[in-house]
Amino acid sequence: MEKRPIYDEDGDLYCREASRLLSLAYERKLSARESGDLVRHLDLCFMCRNFDSQLKFLHAASQRYRSGGPALDPDPAGE
C-alpha cells in the first residue's frame with residue numbers, strides 16, 4: 001500500500017492527518033512537532049476546528065455516560 005503524504009507543498013498538514021492527530025491526542029500525548037503542526041493547521045482550517053469541537057463533545061459525552069452523569073445538551077444555546 002502506498003503511503004500518502006501528510007504535508008502539502010507549503011509544509012502544512014493535510015486535513016486527513018490533522019483529523020488523525022486530533023483523534024490520537026485522546027490516546028496519547030502528541031510529540032512537540034505533531035502538536036505544533038496541528039495547532040498551526042487548526043489556526044487556518046475551519047473544518048478541522050469544527051471536527052475538533054465535535055470530538056471534544058463526543059469525548060465529554062462518553063466520559064459522562066461512563067460515570068453515570070446526565071446527558072450533555074448538544075446545542076446549549078437552544079439554536
# chains A, B, ... in the order shown; residues from 1 in each chain; ligands from 1
$ residues_around --residues "Ser19 in chain A" --least-positions-apart "4" --cutoff "12 Å" --atoms "only C-alpha atoms" --output "mmCIF file with C-alpha atoms, in the first residue's frame"
data_model
loop_
_atom_site.group_PDB
_atom_site.id
_atom_site.type_symbol
_atom_site.label_atom_id
_atom_site.label_comp_id
_atom_site.auth_asym_id
_atom_site.auth_seq_id
_atom_site.Cartn_x
_atom_site.Cartn_y
_atom_site.Cartn_z
ATOM 1 C CA ILE A 6 0.916 14.155 5.310
ATOM 2 C CA LEU A 13 -0.641 19.258 7.385
ATOM 3 C CA TYR A 14 -3.348 17.843 5.186
ATOM 4 C CA CYS A 15 -6.760 17.674 6.854
ATOM 5 C CA SER A 23 -8.198 11.608 17.454
ATOM 6 C CA LEU A 24 -4.790 10.319 18.515
ATOM 7 C CA ALA A 25 -4.469 13.081 21.109
ATOM 8 C CA TYR A 26 -7.154 11.309 23.179
ATOM 9 C CA GLU A 34 2.799 16.879 15.986
ATOM 10 C CA ASP A 37 1.854 21.261 13.280
ATOM 11 C CA LEU A 38 -1.687 20.567 14.456
ATOM 12 C CA VAL A 39 -2.075 23.949 16.177
ATOM 13 C CA HIS A 41 -3.272 23.718 10.895
ATOM 14 C CA LEU A 42 -6.202 24.458 13.217
ATOM 15 C CA CYS A 45 -8.729 25.381 8.859
ATOM 16 C CA MET A 47 -13.427 22.462 9.071
ATOM 17 C CA CYS A 48 -10.785 20.836 11.261
ATOM 18 C CA ARG A 49 -11.614 23.214 14.125
ATOM 19 C CA ASN A 50 -15.230 22.076 13.751
ATOM 20 C CA PHE A 51 -14.119 18.426 13.814
ATOM 21 C CA ASP A 52 -12.098 19.181 16.959
ATOM 22 C CA SER A 53 -15.217 20.635 18.623
ATOM 23 C CA GLN A 54 -17.214 17.549 17.679
ATOM 24 C CA LEU A 55 -14.546 15.248 19.096
#
$ closest_residue --among "A:Arg4, A:Lys56, A:Arg66, A:Arg33" --to "Arg16 in chain A" --atoms "only C-alpha atoms"
A:Arg4
$ closest_residue --among "A:Ala60, A:Gly36, A:Asp8, A:Gly68" --to "Leu21 in chain A" --atoms "only C-alpha atoms"
A:Gly36
$ select_by_dssp --residues "chain A" --states "helix (DSSP H, G or I)" --output "PyMOL selection string"
chain A and resi 15-24+32-44+46-67
$ write_last_selection --atoms "N, CA and C atoms" --output "short mmCIF file (atom, residue, chain, number, x, y, z; two decimals), in the first residue's frame"
data_model
loop_
_atom_site.label_atom_id
_atom_site.label_comp_id
_atom_site.auth_asym_id
_atom_site.auth_seq_id
_atom_site.Cartn_x
_atom_site.Cartn_y
_atom_site.Cartn_z
N CYS A 15 -5.65 17.86 5.91
CA CYS A 15 -6.76 17.67 6.85
C CYS A 15 -6.85 16.23 7.34
N ARG A 16 -6.58 15.28 6.47
CA ARG A 16 -6.64 13.86 6.86
C ARG A 16 -5.69 13.60 8.03
N GLU A 17 -4.48 14.14 7.95
CA GLU A 17 -3.50 13.94 9.01
C GLU A 17 -3.89 14.72 10.26
N ALA A 18 -4.43 15.92 10.08
CA ALA A 18 -4.86 16.72 11.23
C ALA A 18 -5.96 15.99 11.99
N SER A 19 -6.92 15.42 11.28
CA SER A 19 -8.01 14.70 11.96
C SER A 19 -7.48 13.45 12.66
N ARG A 20 -6.50 12.79 12.06
CA ARG A 20 -5.89 11.63 12.72
C ARG A 20 -5.20 12.05 14.02
N LEU A 21 -4.48 13.17 13.98
CA LEU A 21 -3.80 13.65 15.18
C LEU A 21 -4.79 14.10 16.25
N LEU A 22 -5.89 14.73 15.84
CA LEU A 22 -6.92 15.13 16.81
C LEU A 22 -7.45 13.91 17.55
N SER A 23 -7.71 12.84 16.82
CA SER A 23 -8.20 11.61 17.45
C SER A 23 -7.12 10.96 18.32
N LEU A 24 -5.91 10.94 17.80
CA LEU A 24 -4.79 10.32 18.52
C LEU A 24 -4.48 11.03 19.83
N ALA A 32 6.05 17.15 20.30
CA ALA A 32 6.10 18.61 20.13
C ALA A 32 5.85 18.99 18.67
N ARG A 33 6.42 18.24 17.74
CA ARG A 33 6.21 18.55 16.32
C ARG A 33 4.77 18.32 15.92
N GLU A 34 4.20 17.17 16.32
CA GLU A 34 2.80 16.88 15.99
C GLU A 34 1.89 17.97 16.53
N SER A 35 2.10 18.32 17.78
CA SER A 35 1.27 19.32 18.43
C SER A 35 1.40 20.68 17.74
N GLY A 36 2.63 21.10 17.44
CA GLY A 36 2.84 22.38 16.78
C GLY A 36 2.23 22.42 15.39
N ASP A 37 2.43 21.33 14.62
CA ASP A 37 1.85 21.26 13.28
C ASP A 37 0.33 21.30 13.34
N LEU A 38 -0.23 20.60 14.32
CA LEU A 38 -1.69 20.57 14.46
C LEU A 38 -2.24 21.94 14.83
N VAL A 39 -1.62 22.61 15.77
CA VAL A 39 -2.07 23.95 16.18
C VAL A 39 -2.03 24.90 14.99
N ARG A 40 -0.95 24.83 14.22
CA ARG A 40 -0.82 25.69 13.04
C ARG A 40 -1.93 25.39 12.02
N HIS A 41 -2.22 24.10 11.83
CA HIS A 41 -3.27 23.72 10.90
C HIS A 41 -4.63 24.21 11.38
N LEU A 42 -4.90 24.04 12.67
CA LEU A 42 -6.20 24.46 13.22
C LEU A 42 -6.39 25.97 13.13
N ASP A 43 -5.32 26.72 13.20
CA ASP A 43 -5.41 28.18 13.03
C ASP A 43 -5.93 28.55 11.65
N LEU A 44 -5.67 27.70 10.66
CA LEU A 44 -6.02 28.01 9.28
C LEU A 44 -7.27 27.30 8.77
N PHE A 46 -11.04 25.98 9.25
CA PHE A 46 -12.31 25.99 9.97
C PHE A 46 -12.89 24.58 10.10
N MET A 47 -12.80 23.79 9.04
CA MET A 47 -13.43 22.46 9.07
C MET A 47 -12.76 21.56 10.10
N CYS A 48 -11.46 21.65 10.25
CA CYS A 48 -10.78 20.84 11.26
C CYS A 48 -11.06 21.36 12.67
N ARG A 49 -11.21 22.67 12.81
CA ARG A 49 -11.61 23.21 14.12
C ARG A 49 -13.01 22.70 14.49
N ASN A 50 -13.89 22.61 13.52
CA ASN A 50 -15.23 22.08 13.75
C ASN A 50 -15.15 20.60 14.15
N PHE A 51 -14.32 19.84 13.47
CA PHE A 51 -14.12 18.43 13.81
C PHE A 51 -13.57 18.30 15.24
N ASP A 52 -12.65 19.17 15.60
CA ASP A 52 -12.10 19.18 16.96
C ASP A 52 -13.21 19.42 17.99
N SER A 53 -14.09 20.36 17.71
CA SER A 53 -15.22 20.64 18.62
C SER A 53 -16.12 19.42 18.76
N GLN A 54 -16.37 18.75 17.65
CA GLN A 54 -17.21 17.55 17.68
C GLN A 54 -16.56 16.44 18.49
N LEU A 55 -15.26 16.26 18.31
CA LEU A 55 -14.55 15.25 19.10
C LEU A 55 -14.59 15.56 20.59
N LYS A 56 -14.41 16.84 20.93
CA LYS A 56 -14.47 17.23 22.34
C LYS A 56 -15.83 16.94 22.94
N PHE A 57 -16.90 17.23 22.18
CA PHE A 57 -18.25 16.95 22.66
C PHE A 57 -18.45 15.45 22.87
N LEU A 58 -18.05 14.65 21.87
CA LEU A 58 -18.22 13.19 21.98
C LEU A 58 -17.40 12.62 23.13
N HIS A 59 -16.20 13.12 23.32
CA HIS A 59 -15.37 12.64 24.42
C HIS A 59 -16.02 12.98 25.77
N ALA A 60 -16.50 14.20 25.91
CA ALA A 60 -17.16 14.60 27.17
C ALA A 60 -18.43 13.78 27.40
N ALA A 61 -19.20 13.55 26.34
CA ALA A 61 -20.43 12.77 26.47
C ALA A 61 -20.13 11.33 26.89
N SER A 62 -19.11 10.74 26.30
CA SER A 62 -18.77 9.36 26.65
C SER A 62 -18.23 9.27 28.08
N GLN A 63 -17.49 10.29 28.51
CA GLN A 63 -17.00 10.32 29.90
C GLN A 63 -18.17 10.42 30.87
N ARG A 64 -19.14 11.27 30.54
CA ARG A 64 -20.31 11.41 31.42
C ARG A 64 -21.13 10.13 31.45
N TYR A 65 -21.28 9.49 30.31
CA TYR A 65 -22.04 8.24 30.24
C TYR A 65 -21.38 7.18 31.11
N ARG A 66 -20.06 7.08 31.00
CA ARG A 66 -19.33 6.09 31.81
C ARG A 66 -19.48 6.35 33.30
N SER A 67 -19.53 7.64 33.67
CA SER A 67 -19.62 7.97 35.10
C SER A 67 -21.06 8.01 35.60
#
